[in-house]
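Below is one structure, written out as structure tokens, with a few remarks after it.
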Amino acid sequence: MFASPTFTPTLGSSTFSSRRPIASVMSALRSNSASSCPVLTKFQKECATPTPFLRNIADAIAADMRAGLAVEGGGDLKMILTYVDTLPSGKEEGLFYALDLGGTNFRVHSMQLGGMEERVIATNSEEISIPQELKIGTSEELFGFIASKLANFVANENIPGRFQLEQGTKREIGFAFSFPVNQTSIDSGTVIKWNKGFAVSGMEGKNVVACLNEAMEAHGLDMRVSALVNDTVGTLAGARYWDEDVMVGVIIGTGTNACYVDQKDAIPKIQSISSSGTTIINTEWAGFSKILPQTIFDQEMDEASVDRGEHLYMKMISGMYLGEIGRRVLLQMSETSHLFGQSVPVKLSTPFALRTMDLCRMQEDKTDDREMVGSILKEVLEVEANLEARKRVAEVCDTVVKRGGRLAGAGIVAILEKIEKDTKRLSSGKRTVVAIDGGVYENHPLFRQYMQDAVVDLLGDKFASHIEFKHTKDVSGIGAALLAATNSIY
Ligand code: BGC
């Protein structure tokens, strides 16, 4: 339907035709299964997500989705109304900007849009890491920093004549903001609660957009925010620009979340406002916390967290936590079963010493002598591990990744089944695309495979054959810029 794209940020997509290439990898892991270790055996048992149990989890997520759609605060999932009722169509024209404030970095983008014929003429972007102190500083400090970087970016841009600013207008920005926001319109909202290590003060009850607008003004920027969107919404919108079958946007990175296209008449809590057409719902699924396969390690990690008792689903799936769960298991194996010999490695006692990236790399090690496991243990935890210990470590990593991937799959199924109930897309054989991004999804093929296998296990091959997972890399900012265009006030 759309003209061929001049710029397509999709990395790759996968359907379910080549299901379970993972099997050989995993049986190799298991056939060499390290001899019994009570901590490991118990951990594996408690993390297991056999299909009937996963079905219960998908159903419980679906029940919380319904509760959240019925009334504000009705369930663990907030089911936030995003006010994104119109998705990019390809007709957008002009120069638009985006700010993408995620977990670790923020990105600034600009996009020159040429309408249906020319589509994306040029893009420019810059990634800037956020100093740790700003994540726990004041809102003035954080937004001042962002505005100053944006000012530098804008100052260095070469803007073609056709995109020069007209008198009396401002440049428009889409703000992709990866935290739960109580959205009050397309361009306003208040932070519900910071997470992913952010705890910025002075934001209570304050409009996020007003904070940014003030900082931009202070830096002499002639710009205004036209769309405030969650990163999942930016991902869905960006992916939709090139593919009209995109119905779901998912992030599995430092944090995790999903949004989807819903029918307004299937959302009881908006019946009084308007009830026709579609809108995007930001599920904030991170908050799901029921019947999850929680182990003592999850409980202890949660106890030590700033958002204790909350976001339990996210704490089993996303990049901020998987490494830490693994570290806690290894620490106990080391203390009780002498995993690494008589002494407990000092580094193993340091919270968050093992990154999710390392955990996944160890899980993916298929070599006979677990070379990668050995070198990561040495580099990161400063321990020398024999082959038996390395195999056990690999099993711990696999258990954590498998549980995370399958739980994420259950969430996706709950959303797809909601869409199916209202639209019958899958049963009528319509291709349905899930646009996904985030470091855990991007960098860890076995996580992806576990997730996709769970979707097939729950939906069955017939439905699953119409579903496509598309990796849409770094699209959230682009989607936010496109939504600024769609919601332009000029
Ligand atoms: C936030 C979501 C966000 C997700 C992915 C979660 O921690 O609550 O709003 O979409 O991370 O970045």
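Labeling convention for the structure tokens: chains A, B, ... as they appear, residues from 1 per chain, ligands from 1 in order of appearance.
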
Exercise for the section: Identify, on the basis of only C-alpha atoms, every residue whose closest approach to segment 323-331 of chain A does not exceed 7 Å; exclude the query and any residue fewer than 2 positions from it along the same chain; express the result as an NGL selection string. Expected result: :A and (297-298 or 321 or 333-335 or 348-349 or 351-352 or 354-356 or 359 or 396-397 or 400)

Keeping only all heavy atoms, write the selected residues as a compact mmCIF listing (two decimals), in the first residue's frame.
# COMPACT_ATOMS: atom_id res chain seq x y z
N PHE A 297 15.21 -15.80 45.18
CA PHE A 297 16.16 -14.82 44.62
C PHE A 297 15.41 -13.59 44.08
O PHE A 297 15.87 -12.46 44.23
CB PHE A 297 17.00 -15.48 43.53
CG PHE A 297 17.65 -16.74 44.02
CD1 PHE A 297 17.17 -17.99 43.67
CD2 PHE A 297 18.72 -16.67 44.91
CE1 PHE A 297 17.74 -19.15 44.16
CE2 PHE A 297 19.30 -17.82 45.41
CZ PHE A 297 18.81 -19.08 45.05
N ASP A 298 14.26 -13.85 43.48
CA ASP A 298 13.45 -12.73 42.99
C ASP A 298 12.94 -11.92 44.18
O ASP A 298 12.94 -10.69 44.15
CB ASP A 298 12.23 -13.24 42.21
CG ASP A 298 12.64 -14.04 41.00
OD1 ASP A 298 13.18 -13.44 40.07
OD2 ASP A 298 12.45 -15.27 41.01
N TYR A 321 17.40 -6.47 35.27
CA TYR A 321 17.32 -7.43 36.37
C TYR A 321 17.87 -8.84 36.12
O TYR A 321 18.23 -9.52 37.09
CB TYR A 321 15.84 -7.57 36.80
CG TYR A 321 15.22 -6.25 37.14
CD1 TYR A 321 14.40 -5.59 36.22
CD2 TYR A 321 15.48 -5.63 38.36
CE1 TYR A 321 13.84 -4.35 36.52
CE2 TYR A 321 14.93 -4.40 38.67
CZ TYR A 321 14.11 -3.76 37.74
OH TYR A 321 13.57 -2.54 38.03
N MET A 333 24.78 -20.70 45.35
CA MET A 333 25.42 -21.97 44.97
C MET A 333 26.87 -21.99 45.43
O MET A 333 27.40 -23.03 45.82
CB MET A 333 25.35 -22.15 43.44
CG MET A 333 23.96 -22.54 42.96
SD MET A 333 23.77 -22.38 41.18
CE MET A 333 24.81 -23.70 40.57
N SER A 334 27.47 -20.82 45.40
CA SER A 334 28.86 -20.73 45.81
C SER A 334 28.97 -20.90 47.33
O SER A 334 29.87 -21.58 47.84
CB SER A 334 29.38 -19.37 45.36
OG SER A 334 30.66 -19.16 45.80
N GLU A 335 28.01 -20.34 48.06
CA GLU A 335 28.05 -20.43 49.52
C GLU A 335 27.69 -21.82 50.04
O GLU A 335 28.29 -22.31 50.99
CB GLU A 335 27.07 -19.41 50.12
CG GLU A 335 27.60 -17.98 50.07
CD GLU A 335 26.53 -16.93 50.38
OE1 GLU A 335 25.33 -17.30 50.47
OE2 GLU A 335 26.89 -15.76 50.52
N LEU A 348 31.24 -11.61 43.58
CA LEU A 348 29.91 -12.23 43.49
C LEU A 348 28.96 -11.65 44.53
O LEU A 348 27.74 -11.77 44.40
CB LEU A 348 30.07 -13.75 43.67
CG LEU A 348 28.96 -14.65 43.16
CD1 LEU A 348 28.60 -14.36 41.72
CD2 LEU A 348 29.38 -16.12 43.30
N SER A 349 29.52 -11.02 45.54
CA SER A 349 28.67 -10.43 46.58
C SER A 349 28.26 -9.01 46.25
O SER A 349 27.53 -8.37 47.00
CB SER A 349 29.40 -10.43 47.92
OG SER A 349 29.76 -11.73 48.25
N PRO A 351 26.10 -6.36 44.48
CA PRO A 351 24.86 -6.28 43.71
C PRO A 351 25.10 -5.74 42.30
O PRO A 351 25.89 -4.83 42.10
CB PRO A 351 23.99 -5.32 44.53
CG PRO A 351 24.52 -5.44 45.92
CD PRO A 351 26.00 -5.70 45.79
N PHE A 352 24.43 -6.35 41.35
CA PHE A 352 24.46 -5.95 39.94
C PHE A 352 25.85 -6.10 39.30
O PHE A 352 26.11 -5.52 38.25
CB PHE A 352 23.90 -4.54 39.74
CG PHE A 352 22.41 -4.49 40.04
CD1 PHE A 352 21.95 -4.19 41.33
CD2 PHE A 352 21.47 -4.80 39.07
CE1 PHE A 352 20.59 -4.19 41.63
CE2 PHE A 352 20.11 -4.81 39.37
CZ PHE A 352 19.66 -4.50 40.65
N LEU A 354 26.93 -8.73 37.91
CA LEU A 354 26.76 -9.51 36.67
C LEU A 354 25.70 -8.84 35.82
O LEU A 354 24.53 -8.72 36.22
CB LEU A 354 26.32 -10.95 37.03
CG LEU A 354 26.26 -11.93 35.87
CD1 LEU A 354 27.65 -12.18 35.28
CD2 LEU A 354 25.67 -13.27 36.35
N ARG A 355 26.11 -8.39 34.63
CA ARG A 355 25.14 -7.70 33.77
C ARG A 355 24.33 -8.72 32.97
O ARG A 355 24.81 -9.82 32.70
CB ARG A 355 25.87 -6.77 32.79
CG ARG A 355 26.63 -5.64 33.48
CD ARG A 355 27.48 -4.89 32.48
NE ARG A 355 28.35 -5.80 31.72
CZ ARG A 355 29.08 -5.45 30.69
NH1 ARG A 355 29.06 -4.21 30.25
NH2 ARG A 355 29.83 -6.34 30.04
N THR A 356 23.15 -8.31 32.57
CA THR A 356 22.29 -9.19 31.78
C THR A 356 23.00 -9.62 30.50
O THR A 356 22.90 -10.76 30.07
CB THR A 356 20.96 -8.47 31.47
OG1 THR A 356 20.30 -8.27 32.72
CG2 THR A 356 20.07 -9.28 30.54
N LEU A 359 25.20 -12.46 31.35
CA LEU A 359 24.40 -13.66 31.63
C LEU A 359 23.95 -14.31 30.32
O LEU A 359 24.06 -15.52 30.14
CB LEU A 359 23.18 -13.26 32.48
CG LEU A 359 22.19 -14.39 32.79
CD1 LEU A 359 22.13 -14.62 34.30
CD2 LEU A 359 20.80 -14.07 32.30
N VAL A 396 22.16 -22.06 35.05
CA VAL A 396 21.50 -20.97 35.78
C VAL A 396 21.07 -19.89 34.77
O VAL A 396 19.93 -19.43 34.76
CB VAL A 396 22.44 -20.35 36.84
CG1 VAL A 396 21.86 -19.07 37.42
CG2 VAL A 396 22.72 -21.36 37.95
N CYS A 397 22.01 -19.53 33.89
CA CYS A 397 21.73 -18.46 32.92
C CYS A 397 20.57 -18.87 32.02
O CYS A 397 19.66 -18.08 31.75
CB CYS A 397 22.96 -18.17 32.07
SG CYS A 397 24.37 -17.62 33.05
N VAL A 400 17.19 -18.53 33.78
CA VAL A 400 16.73 -17.14 33.91
C VAL A 400 16.21 -16.62 32.56
O VAL A 400 15.13 -16.00 32.49
CB VAL A 400 17.89 -16.23 34.43
CG1 VAL A 400 17.48 -14.77 34.44
CG2 VAL A 400 18.34 -16.68 35.81

Exercise for the section: Check the DSSP output for the backbone and give back, as a list in words, the residues of segment 220-408 of chain A in strand (DSSP E). Expected result: Met223, Arg224, Val225, Ser226, Ala227, Leu228, Val229, Val246, Met247, Val248, Gly249, Val250, Ile251, Ile252, Thr256, Asn257, Ala258, Cys259, Tyr260, Val261, Asp262, Gln263, Thr278, Thr279, Ile280, Ile281 and Asn282 of chain A

Exercise for the section: Apply DSSP to the structure's backbone, then extract all residues of segment 140-349 of chain A labelled alpha helix (DSSP H) and return them as an MDAnalysis selection string. Expected result: chainID A and resid 140:155 208:218 231:242 296:303 314:317 322:337

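Nearest to Thr138 of chain A of all the residues A:Gly102, A:Gly73, A:Gly202, A:Gly438 is A:Gly202, based on only C-alpha atoms.
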
Fill in the blank from the handout: Closest of A:Gly287, A:Pro52, A:Pro180, A:Gly161 to ligand 1, counting only C-alpha atoms and all ligand atoms, is A:Pro180

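The neighbours of Ala480 of chain A here are the residues that come within 9 Å of it, using only C-alpha atoms and leaving out any residue fewer than 2 positions away in the same chain; they are Tyr97, Ala98, Leu99, Asp100, Ile173, Gly174, Phe175, Ala176, Ala227, Leu228, Val229, Asn230, Asp231, Val233, Gly234, Thr235, Ala237, Gly238, Val475, Ser476, Gly477, Ile478, Leu482, Leu483, Ala484 and Ala485 of chain A.
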
Practice task
For ligand 1, collect every residue having any atom at a distance of at most 6 Å from a ligand atom (counting only C-alpha atoms and all ligand atoms); output as a VMD selection string.
Solution key: chain A and resid 102 178 to 180 195 to 196 230 to 232 251 255 to 257 284
